[in-house]
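Student: There's a structure below that I have some questions on.
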Amino acid sequence: LRMQLTSENYYSKEANEEYLSVSQYKDFMGTYGKRGCEEYALAKIEGTWEENMEDSDALMVGSYVDAHFEGTLDLFKAKHPCMFKKDGGLMAKYLKANEMIQRCERDEVFSHYMSGEKQVIMTADMFGAKWKIKIDSYHPGQCIVDLKTCQSINKVFFHHDIGYMNFLAEWGYYIQGAVYQKVVEINTGKKLPFFIAAVSKEKVPDIQVIAVEQNLLDEALAEVEHNVPMILALKNKAADPTRCECCDYCKQTRVLKAPIWSSDLIGDI
């Protein structure tokens, strides 16, 4: 019997064990901007490792903006009292979040794309796995929109073996778009365009609605299809996970076996 997902249990241990999601996929496989780590991904699913979001002011600002557009700000405030002063106002280092929200809501096009059905949960069987998605702004029969907060919309990232790329490629948002589009298509029979509604955390927040080219979504979906069998083998304990030796989980759980050479410190560049 398949677990029925709700906003209350969507992020639960049970849901993460039963379903594959884009964030879980990226934990295993990584993106250009963040290496994947199989052992870390499994520890997160099993509940033996938890991220501490409150370590990062930038993450907290992004999560506050997300919560506002989801309509879950009251719940967010209750969970993160550290962000607020005694009078209920945001602490100075988090005020950027309100500026970002005001900038978004002042723009008609941005507001239109974000005016769809909020936090729509869908599931589908795809590539031998059960998938779950949660859409920020869903316009049935028209489009799928995901809200992203970023450092800078026009920031360019360089990788010596690939070249220059934008923030969507860097953080795996083409993968997200591909999975969301396919899951919606399986559920509705309609292949909808995918958009990113982006707002930056710069001194003066910048905004854009970005349409993702279909060929980039198709490429990303082919990559997902190729990688899912390995992820399922890891989740089903049919394969042993590898460690990246770079993430916080690996640092916390590293067991030294012998000294390393100084030349090992640079690693593979």
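Every chain in the structure tokens has a letter given in the order shown (A, B, ...), and although residue numbers restart at 1 in each chain, ligands are simply numbered from 1 in the order shown.
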With 12 Å as the cut-off and only C-alpha atoms counted, what is the closest atom pair between each nearby residue of range 33-116 of chain A and range 232-244 of chain A? Distances in Å to one decimal, ordered by chain and number, as a tab-separated table.
Tutor:
```
residue	atom	partner	partner_atom	distance
A:Lys34	CA	A:Cys244	CA	10.6
A:Arg35	CA	A:Cys244	CA	7.3
A:Gly36	CA	A:Cys244	CA	7.0
A:Cys37	CA	A:Cys244	CA	5.0
A:Glu38	CA	A:Pro241	CA	5.1
A:Glu39	CA	A:Pro241	CA	5.2
A:Tyr40	CA	A:Arg243	CA	7.4
A:Ala41	CA	A:Pro241	CA	9.1
A:Leu42	CA	A:Lys235	CA	7.0
A:Ala43	CA	A:Pro241	CA	10.4
A:Lys44	CA	A:Lys235	CA	11.4
A:Ile45	CA	A:Lys235	CA	8.7
A:Glu46	CA	A:Lys235	CA	9.7
```
Student: Could you pull the residues within 7 Å of Asn166 in chain A, counting only C-alpha atoms, minus those fewer than 3 positions along the same chain, as a PDB file with C-alpha atoms, in the first residue's frame?
Tutor:
```
ATOM      1  CA  LYS A 155      26.615  34.933 -11.521  1.00  0.00           C
ATOM      2  CA  VAL A 156      28.725  32.705 -13.756  1.00  0.00           C
ATOM      3  CA  PHE A 157      30.421  29.538 -12.467  1.00  0.00           C
ATOM      4  CA  ALA A 169      23.214  24.330 -14.187  1.00  0.00           C
ATOM      5  CA  GLU A 170      25.483  24.796 -11.145  1.00  0.00           C
TER       6      GLU A 170
END
```
Student: I want to know what sits within 7 Å of Ser152 in chain A, based on only C-alpha atoms, with residues of the same chain fewer than 5 positions away left out; could you give that as a PyMOL selection string?
Tutor: chain A and resi 200-202
Student: What gap, in Å, lies between CA of Lys130 in chain A and CA of Tyr19 in chain A?
Tutor: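 Value for the CA of Lys130 in chain A-CA of Tyr19 in chain A distance: 5.0 Å.
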Student: Tell me, as JSON, numbers by chain, which residues lie within 12 Å of Ala78 in chain A, counting only C-alpha atoms; anything in the same chain fewer than 4 positions away does not count.
Tutor: {"A": [64, 67, 72, 73, 74, 82, 83, 84, 88]}
Student: Write down as a PyMOL selection string the residues belonging to range 4-156 of chain A that are assigned strand (DSSP E) by DSSP computed on the backbone.
Tutor: chain A and resi 117-126+129-139+143-150
Student: Can you tell me which residues surround Met91 in chain A at a distance of at most 12 Å, considering only C-alpha atoms, apart from same-chain residues fewer than 4 positions away, and format the answer as a PyMOL selection string?
Tutor: chain A and resi 57+60-61+80-87+95-98
Student: Between A:Ile207, A:Ala124, A:Met165, A:Ile186, which has the minimum distance to Ser111 in chain A (counting only C-alpha atoms)?
Tutor: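 So, comparing all the options, the nearest one is A:Ile207.
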Student: Quick one, how far is CA of Gly172 in chain A from CA of Glu70 in chain A?
Tutor: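 Computing the Euclidean distance for CA of Gly172 in chain A and CA of Glu70 in chain A yields 21.7 Å.
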Student: Ranking A:Ala197, A:Glu245, A:Lys182, A:Gln208 by minimum distance to Ala222 in chain A and counting only C-alpha atoms, which one comes first?
Tutor: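 Counting only C-alpha atoms, the residue closest to Ala222 in chain A is A:Lys182.
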Student: Which residues are near Ser23 in chain A? Cut-off 12 Å, only C-alpha atoms, ignore same chain within fewer than 5 positions. Put them as a list in words.
Tutor: Tyr11, Asn16, Phe28, Met29, Gly30, Thr31, Lys34, Gly36, Ala41, Lys44, Ile45, Trp131, Lys132, Ile133, Lys134, Trp171, Gly172, Tyr173, Ile175, Gln176, Val179 and Tyr180 of chain A
